[in-house]
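J.: Just passing along the structure, written as structure tokens.
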Amino acid sequence: MIYLDSISKNYNLGGKQMKVLNSVHLQIKQGEFAVIMGPSGSGKSTLMNILGCLDRPTSGDYWLNNKVVSSYEEKELANVRNRSFGFVFQQFHLLPRLTAFQNVALPMIYAGLPKDERSKRAIAALKKVGLADHINYFPNELSGGQKQRVAIARSIVNQPQIILADEPTGSLDTTTSRQIMDLFSMLHGEGTTIILVTHEMWISKYADKKIFVRDGIVTGSEYKGEIST
Amino acid sequence: MSIFENIKMALSSIFTHKLRSSLTIIGIIIGVGSVIAVVAVGKSGEAMLKSQFVGEKNTIELYYNPSEEELQANPNSLLEASFTFQDIRTIENISEVQRIVASSSERTKVSYKGKSTNGLITGVSDIYMEVNQLKVSSGRMLLSRDFFAGNRTAVVSESFRDELFDNDEMMGKIIYIESQPVEIVGVLKEEKNIFAFDSNAIYLPLKTWQSIFSSTAISEISIQAETPENLRLAGEKATNILNRIHNKEDAYQVMNMEEIADGVAKVTNIMTIIIGSIAGISLFVGGIGVMNIMLVSVTERTREIGIRMSLGATREQILTQFLIESIVLTLFGGLIGILFGTGGAMIFSYVAGWPSLISLPVIIGGILFSMLIGTIFGIMPARKAARMDPIQALGYG
Ligand SMILES: Nc1ncnc2c1ncn2[C@@H]1O[C@H](COP(=O)(O)OP(=O)(O)OP(=O)(O)O)[C@@H](O)[C@H]1O
Ligand SMILES: [Mg+2]
């Protein structure tokens, strides 16, 4: 489903080209739960942003469902972000002036869904993440774990194929992290492809597949029970 | 995303920063308010002038204005009788003329039982009272039999009660004008208009007036016509005939509406330019203020923009969101400005005694104009928001 063909990303720093991703090849299949691991600054977030069509590669082709999305126009990319991906960030990234319900409804507004459908789906998603009692809370009235649940509800309302989570438990304590990981596990169980960046070994145990990144290069990947290549 | 969603979002963000938003739109309020006020005052001034010279009854005054040479040859010509009964009959025959109002006035002594005061005695033709909207508060109006027979009956203003009658009843009393008895049959209702000065006025039939003052003079004639256009034609024809009959060159004249309108237009134009430039400056400054606040808002909400983009907002949708926000902001300014502008104009008209006009096109114009300001000054900040890079906006890199 996802295939990165020799993806590179360069940043121009004071006239010097800095290679953040260097000819990355990567394949992720429908329904997989993949974790991306690697030291700080190795290019994990950069890779996630390219996967989520938030950023464009400097060179290489990004195939998504047999289409080269790296050559899409802005408008098509926005549509891909809206329909195919759900994002979960370390800093939650909820809109502070909107309630949990309104935050969750936002992707559906951009998808052009009618109001009734939006509110039905938003409530269902909030129930699913265990926040049925917090529908009209504002982000600043919620705990970190609850905020991340709202963000997860928001990421699933448009029924995306893939959820991209960049260190989703990075700001949470272990107990809360476990609850959040159980949620991802449940979504994975329902057939959603999940790609998650983490530093923690225990989290990688949730995944089918581990991808190791170092200095902008995918140094290896292994399936559950397999020995690193 | 629907326009309704956008407006809801704009309102929420405007109301989040109430103080900032209200300070921002002050310039727009002043600008739109003064434009609305100028236009409204101009319109009601125009209406006032029209009603003053033509009146609701569609009448226009003919007057006698002798030339310089004539005045030098006969310095008394101004004081002499301007019109005769013969003139009235002739003018009555002009097809556009509907009715004629004639009157003569003289200021003289009026007395009752040894007391006396000065009064303006006006002899009037039968429809004078109706055309000039004079009414009685007690007693009766002059009736056609008074006019027909030249009865010695008069309708007088309230002010005589104090000056001649020690605040006693004056109905039915006989007063003396030029030592001739006249019976009071009605008392005039006082005018509310602050420009009206009708103190010590006595109205009696024109025939009676002529007999009291032993004169055949008619000092004023107004003609009435069906339409303003007919009125203009009637005025022209009447003055031509009068000048011919009396062998005068342009001594008989009619108020020229266009000349007056031009004169008024000059004054209003100067006013329009002055207030228009005040309005223009405040709208420009207000617009810059809105642009500035929108730029601040876009910067403050960089992360929000990034989040929205990550959720699938297109650049156009971001642009629309911020553009609608600035349009809603200036629309608020416009609406408040319209409120102040029409309110101010209404107060002005009320104090000046002008008819007050609220014109729908002007209000709609004000609304559209304020929205235009929001568009013009909102486009730059909105484009800045739409052009953001989602990654940078989210706070990475
Ligand atoms: N916009 C940018 N301009 C220049 N350099 C950048 C930019 N974004 C990222 N980088 C650089 O690219 C490298 C990879 O960054 P990235 O955020 O992908 O790392 P990461 O693996 O996610 O690290 P972490 O585990 O700390 O989140 C870093 O060296 C970073 O400094
Ligand atoms: Mg990172």
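Each chain in the structure tokens gets a letter, A, B, ..., in the order shown, and its residues are numbered from 1; ligands are numbered from 1 in order too.
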Please determine the contact residues of chain B with respect to chain A at a cut-off of 12 Å, counting only C-alpha atoms, and supply them as number ranges by chain.

T.: B: 1-6, 8-17, 301-318, 321, 386-397

J.: Kindly provide the residues of chain A that approach ligand 2 to within 7 Å, each paired with its closest atom pair and their distance in Å to one decimal, based on only C-alpha atoms and all ligand atoms, listed by chain and increasing number, as CSV.

T.:
```
residue,atom,partner,partner_atom_place_in_ligand_line,distance
A:Ser40,CA,ligand 2,1 (Mg),7.0
A:Lys44,CA,ligand 2,1 (Mg),5.6
A:Ser45,CA,ligand 2,1 (Mg),4.1
A:Asp166,CA,ligand 2,1 (Mg),6.7
```

J.: Deliver the residues from the most recent selection as a file, using N, CA and C atoms, as a tab-separated table (two decimals), in the first residue's frame.

T.:
```tsv
chain	number	residue	atom	x	y	z
A	40	SER	N	17.46	10.50	18.40
A	40	SER	CA	16.94	11.84	18.15
A	40	SER	C	17.70	12.48	16.98
A	44	LYS	N	13.11	10.70	11.86
A	44	LYS	CA	11.83	9.98	11.99
A	44	LYS	C	10.64	10.90	11.70
A	45	SER	N	10.65	12.08	12.31
A	45	SER	CA	9.52	13.00	12.10
A	45	SER	C	9.46	13.43	10.65
A	166	ASP	N	3.16	10.44	15.76
A	166	ASP	CA	4.56	10.77	16.02
A	166	ASP	C	4.74	10.95	17.53
```

J.: Could you list, as a PyMOL selection string, all residues that come within 10 Å of ligand 1? Count only C-alpha atoms and all ligand atoms.

T.: (chain A and resi 9-14+17-21+36-49+90+166-167+170+197-199+213-216) or (chain B and resi 391-392+395-397)

J.: For the residues in the current selection, export C-alpha atoms as a JSON list (two decimals), in the first residue's frame.

T.:
```json
[["chain", "number", "residue", "atom", "x", "y", "z"],
["A", 9, "LYS", "CA", 14.94, 15.10, 1.88],
["A", 10, "ASN", "CA", 17.48, 17.89, 1.95],
["A", 11, "TYR", "CA", 17.39, 21.07, 3.99],
["A", 12, "ASN", "CA", 19.27, 24.13, 2.94],
["A", 13, "LEU", "CA", 21.15, 25.37, 5.98],
["A", 14, "GLY", "CA", 23.18, 28.52, 5.36],
["A", 17, "GLN", "CA", 22.67, 21.09, 1.75],
["A", 18, "MET", "CA", 21.85, 18.93, 4.74],
["A", 19, "LYS", "CA", 20.63, 15.42, 3.95],
["A", 20, "VAL", "CA", 17.93, 14.54, 6.48],
["A", 21, "LEU", "CA", 16.66, 11.53, 4.58],
["A", 36, "ILE", "CA", 9.66, 3.71, 13.55],
["A", 37, "MET", "CA", 12.57, 3.84, 15.99],
["A", 38, "GLY", "CA", 15.85, 5.63, 16.03],
["A", 39, "PRO", "CA", 17.97, 8.21, 17.84],
["A", 40, "SER", "CA", 16.94, 11.84, 18.15],
["A", 41, "GLY", "CA", 17.57, 13.81, 14.97],
["A", 42, "SER", "CA", 17.74, 10.70, 12.82],
["A", 43, "GLY", "CA", 14.85, 11.85, 10.58],
["A", 44, "LYS", "CA", 11.83, 9.98, 11.99],
["A", 45, "SER", "CA", 9.52, 13.00, 12.10],
["A", 46, "THR", "CA", 10.68, 14.08, 8.66],
["A", 47, "LEU", "CA", 9.80, 10.63, 7.37],
["A", 48, "MET", "CA", 6.37, 10.72, 9.05],
["A", 49, "ASN", "CA", 5.62, 14.16, 7.58],
["A", 90, "GLN", "CA", 3.01, 14.33, 20.71],
["A", 166, "ASP", "CA", 4.56, 10.77, 16.02],
["A", 167, "GLU", "CA", 5.53, 9.95, 19.62],
["A", 170, "GLY", "CA", 5.89, 11.29, 24.53],
["A", 197, "VAL", "CA", 7.22, 6.76, 16.08],
["A", 198, "THR", "CA", 8.58, 5.87, 19.51],
["A", 199, "HIS", "CA", 11.74, 5.70, 21.56],
["A", 213, "VAL", "CA", 16.27, 4.83, 11.19],
["A", 214, "ARG", "CA", 19.71, 6.31, 11.73],
["A", 215, "ASP", "CA", 21.19, 9.44, 10.11],
["A", 216, "GLY", "CA", 18.48, 9.56, 7.49],
["B", 391, "ILE", "CA", 5.20, 21.57, 8.71],
["B", 392, "GLN", "CA", 6.54, 24.96, 9.77],
["B", 395, "GLY", "CA", 6.04, 23.99, 14.79],
["B", 396, "TYR", "CA", 8.44, 21.48, 13.27],
["B", 397, "GLY", "CA", 11.62, 22.63, 11.59]]
```

J.: What is the distance, in Å and to one decimal place, between atom CA of B:Tyr203 and atom CA of B:Ile121?

T.: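 About the pair atom CA of B:Tyr203 and atom CA of B:Ile121: they are 6.1 Å apart.
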
J.: May I ask for the distance between atom CA of A:Asp5 and atom CA of A:Arg56, given in Å to one decimal place?

T.: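 Between atom CA of A:Asp5 and atom CA of A:Arg56 the gap works out to 13.3 Å.
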
J.: List the neighbours of stretch 122-137 of chain A out to 8 Å using only C-alpha atoms; skip same-chain residues closer than 3 positions along the sequence, and give me the result as a ChimeraX atom specification.

T.: /A:99-101,104-105,118-119,141-142,146,149-150,152-154,156-157,183

J.: For the residues in the current selection, export all heavy atoms as a short mmCIF file (atom, residue, chain, number, x, y, z; two decimals), in the first residue's frame.

T.:
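The resulting file, result16.cif, is shown below:
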```cif
data_model
loop_
_atom_site.label_atom_id
_atom_site.label_comp_id
_atom_site.auth_asym_id
_atom_site.auth_seq_id
_atom_site.Cartn_x
_atom_site.Cartn_y
_atom_site.Cartn_z
N THR A 99 -14.44 22.90 21.53
CA THR A 99 -14.68 21.81 22.48
C THR A 99 -14.16 20.51 21.88
O THR A 99 -13.81 20.45 20.70
CB THR A 99 -16.19 21.64 22.74
OG1 THR A 99 -16.82 21.31 21.50
CG2 THR A 99 -16.81 22.89 23.30
N ALA A 100 -14.13 19.47 22.71
CA ALA A 100 -13.70 18.15 22.24
C ALA A 100 -14.53 17.76 21.02
O ALA A 100 -14.00 17.34 19.99
CB ALA A 100 -13.89 17.13 23.35
N PHE A 101 -15.84 17.94 21.15
CA PHE A 101 -16.75 17.59 20.06
C PHE A 101 -16.40 18.36 18.77
O PHE A 101 -16.30 17.79 17.69
CB PHE A 101 -18.19 17.92 20.50
CG PHE A 101 -19.21 17.73 19.42
CD1 PHE A 101 -19.74 16.48 19.18
CD2 PHE A 101 -19.64 18.81 18.67
CE1 PHE A 101 -20.69 16.30 18.18
CE2 PHE A 101 -20.58 18.64 17.67
CZ PHE A 101 -21.11 17.37 17.43
N VAL A 104 -13.18 17.22 17.16
CA VAL A 104 -13.34 15.95 16.46
C VAL A 104 -14.11 16.13 15.15
O VAL A 104 -13.85 15.45 14.16
CB VAL A 104 -14.04 14.92 17.39
CG1 VAL A 104 -14.36 13.65 16.64
CG2 VAL A 104 -13.15 14.62 18.59
N ALA A 105 -15.02 17.10 15.14
CA ALA A 105 -15.85 17.31 13.94
C ALA A 105 -15.08 18.00 12.81
O ALA A 105 -15.49 17.93 11.64
CB ALA A 105 -17.09 18.12 14.30
N ARG A 118 -21.93 14.53 10.80
CA ARG A 118 -20.77 14.94 11.58
C ARG A 118 -21.00 14.68 13.05
O ARG A 118 -20.15 14.14 13.75
CB ARG A 118 -20.49 16.44 11.37
CG ARG A 118 -20.01 16.77 9.99
CD ARG A 118 -19.33 18.11 9.92
NE ARG A 118 -19.99 19.22 10.53
CZ ARG A 118 -20.58 20.22 9.85
NH1 ARG A 118 -20.60 20.22 8.53
NH2 ARG A 118 -21.12 21.22 10.48
N SER A 119 -22.16 15.12 13.55
CA SER A 119 -22.33 15.03 14.99
C SER A 119 -22.50 13.57 15.40
O SER A 119 -22.01 13.16 16.45
CB SER A 119 -23.47 15.96 15.45
OG SER A 119 -24.66 15.31 15.45
N GLU A 141 -9.59 21.89 29.83
CA GLU A 141 -10.29 21.25 30.93
C GLU A 141 -10.03 19.73 30.96
O GLU A 141 -10.67 19.02 31.71
CB GLU A 141 -11.80 21.50 30.80
CG GLU A 141 -12.18 22.97 30.86
CD GLU A 141 -13.59 23.25 30.34
OE1 GLU A 141 -14.13 22.42 29.58
OE2 GLU A 141 -14.13 24.30 30.70
N LEU A 142 -9.13 19.28 30.08
CA LEU A 142 -8.87 17.84 29.97
C LEU A 142 -7.43 17.54 30.39
O LEU A 142 -6.54 18.38 30.26
CB LEU A 142 -9.08 17.39 28.52
CG LEU A 142 -10.50 17.53 27.95
CD1 LEU A 142 -10.49 17.25 26.45
CD2 LEU A 142 -11.46 16.60 28.66
N GLN A 146 -6.50 12.48 28.29
CA GLN A 146 -7.81 12.76 27.68
C GLN A 146 -7.65 13.56 26.38
O GLN A 146 -8.34 13.30 25.40
CB GLN A 146 -8.69 13.51 28.67
CG GLN A 146 -9.19 12.62 29.81
CD GLN A 146 -9.84 13.41 30.92
OE1 GLN A 146 -9.49 14.57 31.14
NE2 GLN A 146 -10.76 12.77 31.62
N ARG A 149 -6.74 11.29 23.73
CA ARG A 149 -7.89 10.50 23.29
C ARG A 149 -8.73 11.30 22.29
O ARG A 149 -9.22 10.76 21.30
CB ARG A 149 -8.77 10.11 24.48
CG ARG A 149 -8.18 9.00 25.32
CD ARG A 149 -8.93 8.91 26.64
NE ARG A 149 -8.22 8.01 27.54
CZ ARG A 149 -8.41 6.68 27.52
NH1 ARG A 149 -9.29 6.14 26.71
NH2 ARG A 149 -7.73 5.91 28.33
N VAL A 150 -8.92 12.62 22.60
CA VAL A 150 -9.68 13.48 21.68
C VAL A 150 -8.96 13.49 20.32
O VAL A 150 -9.59 13.35 19.27
CB VAL A 150 -9.81 14.92 22.22
CG1 VAL A 150 -10.47 15.83 21.19
CG2 VAL A 150 -10.60 14.93 23.52
N ILE A 152 -7.06 11.23 19.08
CA ILE A 152 -7.24 9.94 18.39
C ILE A 152 -8.65 9.86 17.80
O ILE A 152 -8.82 9.45 16.65
CB ILE A 152 -6.96 8.77 19.37
CG1 ILE A 152 -5.47 8.76 19.72
CG2 ILE A 152 -7.38 7.44 18.74
CD1 ILE A 152 -5.09 7.81 20.84
N ALA A 153 -9.65 10.33 18.56
CA ALA A 153 -11.02 10.36 18.03
C ALA A 153 -11.05 11.19 16.75
O ALA A 153 -11.67 10.81 15.75
CB ALA A 153 -11.98 10.95 19.07
N ARG A 154 -10.36 12.34 16.79
CA ARG A 154 -10.32 13.21 15.62
C ARG A 154 -9.65 12.50 14.43
O ARG A 154 -10.03 12.70 13.29
CB ARG A 154 -9.55 14.50 15.96
CG ARG A 154 -9.54 15.52 14.83
CD ARG A 154 -8.80 16.78 15.24
NE ARG A 154 -7.39 16.51 15.52
CZ ARG A 154 -6.53 17.43 15.94
NH1 ARG A 154 -6.94 18.68 16.16
NH2 ARG A 154 -5.27 17.13 16.17
N ILE A 156 -9.73 9.44 13.63
CA ILE A 156 -10.45 8.31 13.04
C ILE A 156 -11.80 8.67 12.43
O ILE A 156 -12.40 7.85 11.75
CB ILE A 156 -10.66 7.17 14.07
CG1 ILE A 156 -11.45 7.67 15.27
CG2 ILE A 156 -9.32 6.57 14.49
CD1 ILE A 156 -11.83 6.57 16.27
N VAL A 157 -12.28 9.92 12.65
CA VAL A 157 -13.66 10.22 12.22
C VAL A 157 -13.86 10.12 10.71
O VAL A 157 -14.95 9.80 10.26
CB VAL A 157 -14.16 11.60 12.68
CG1 VAL A 157 -14.62 11.56 14.11
CG2 VAL A 157 -13.14 12.67 12.40
N LEU A 183 -5.53 1.67 22.94
CA LEU A 183 -6.46 2.23 21.95
C LEU A 183 -5.95 1.98 20.53
O LEU A 183 -6.71 1.55 19.65
CB LEU A 183 -6.59 3.75 22.17
CG LEU A 183 -7.83 4.25 22.90
CD1 LEU A 183 -7.75 5.77 23.06
CD2 LEU A 183 -9.08 3.85 22.15
#
```

J.: Using DSSP on the backbone coordinates, identify all residues within stretch 39-126 of chain A classified as strand (DSSP E or B); present the result as a list in words.

T.: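 Of stretch 39-126 of chain A, only Ser59, Gly60, Asp61, Tyr62, Trp63, Leu64, Lys67, Val68, Phe85, Gly86, Phe87, Val88 and Phe89 of chain A fall in strand (DSSP E or B).
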
J.: When you draw a straight line from atom CA of B:Ser349 to atom CA of B:Asn269, how long is it in Å?

T.: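 Taking atom CA of B:Ser349 as the start and atom CA of B:Asn269 as the end point, the length is 18.1 Å.
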
J.: Skipping near chain neighbours, those fewer than 2 positions away, what residues fall within 6 Å of stretch 350-356 of chain B using only C-alpha atoms, listed as a compact mmCIF listing (two decimals) with N, CA and C atoms, in the first residue's frame?

T.:
```
# COMPACT_ATOMS: atom_id res chain seq x y z
N SER B 44 -32.28 64.66 3.34
CA SER B 44 -33.39 65.28 4.04
C SER B 44 -33.37 66.79 3.82
N MET B 48 -36.34 68.91 2.42
CA MET B 48 -36.81 70.09 3.13
C MET B 48 -36.97 71.25 2.17
N MET B 346 -30.90 61.46 11.99
CA MET B 346 -32.28 61.64 12.44
C MET B 346 -32.36 62.73 13.51
N ILE B 347 -31.37 62.73 14.42
CA ILE B 347 -31.36 63.76 15.46
C ILE B 347 -31.19 65.13 14.81
N PHE B 348 -30.26 65.21 13.83
CA PHE B 348 -30.03 66.47 13.14
C PHE B 348 -31.31 66.95 12.46
```
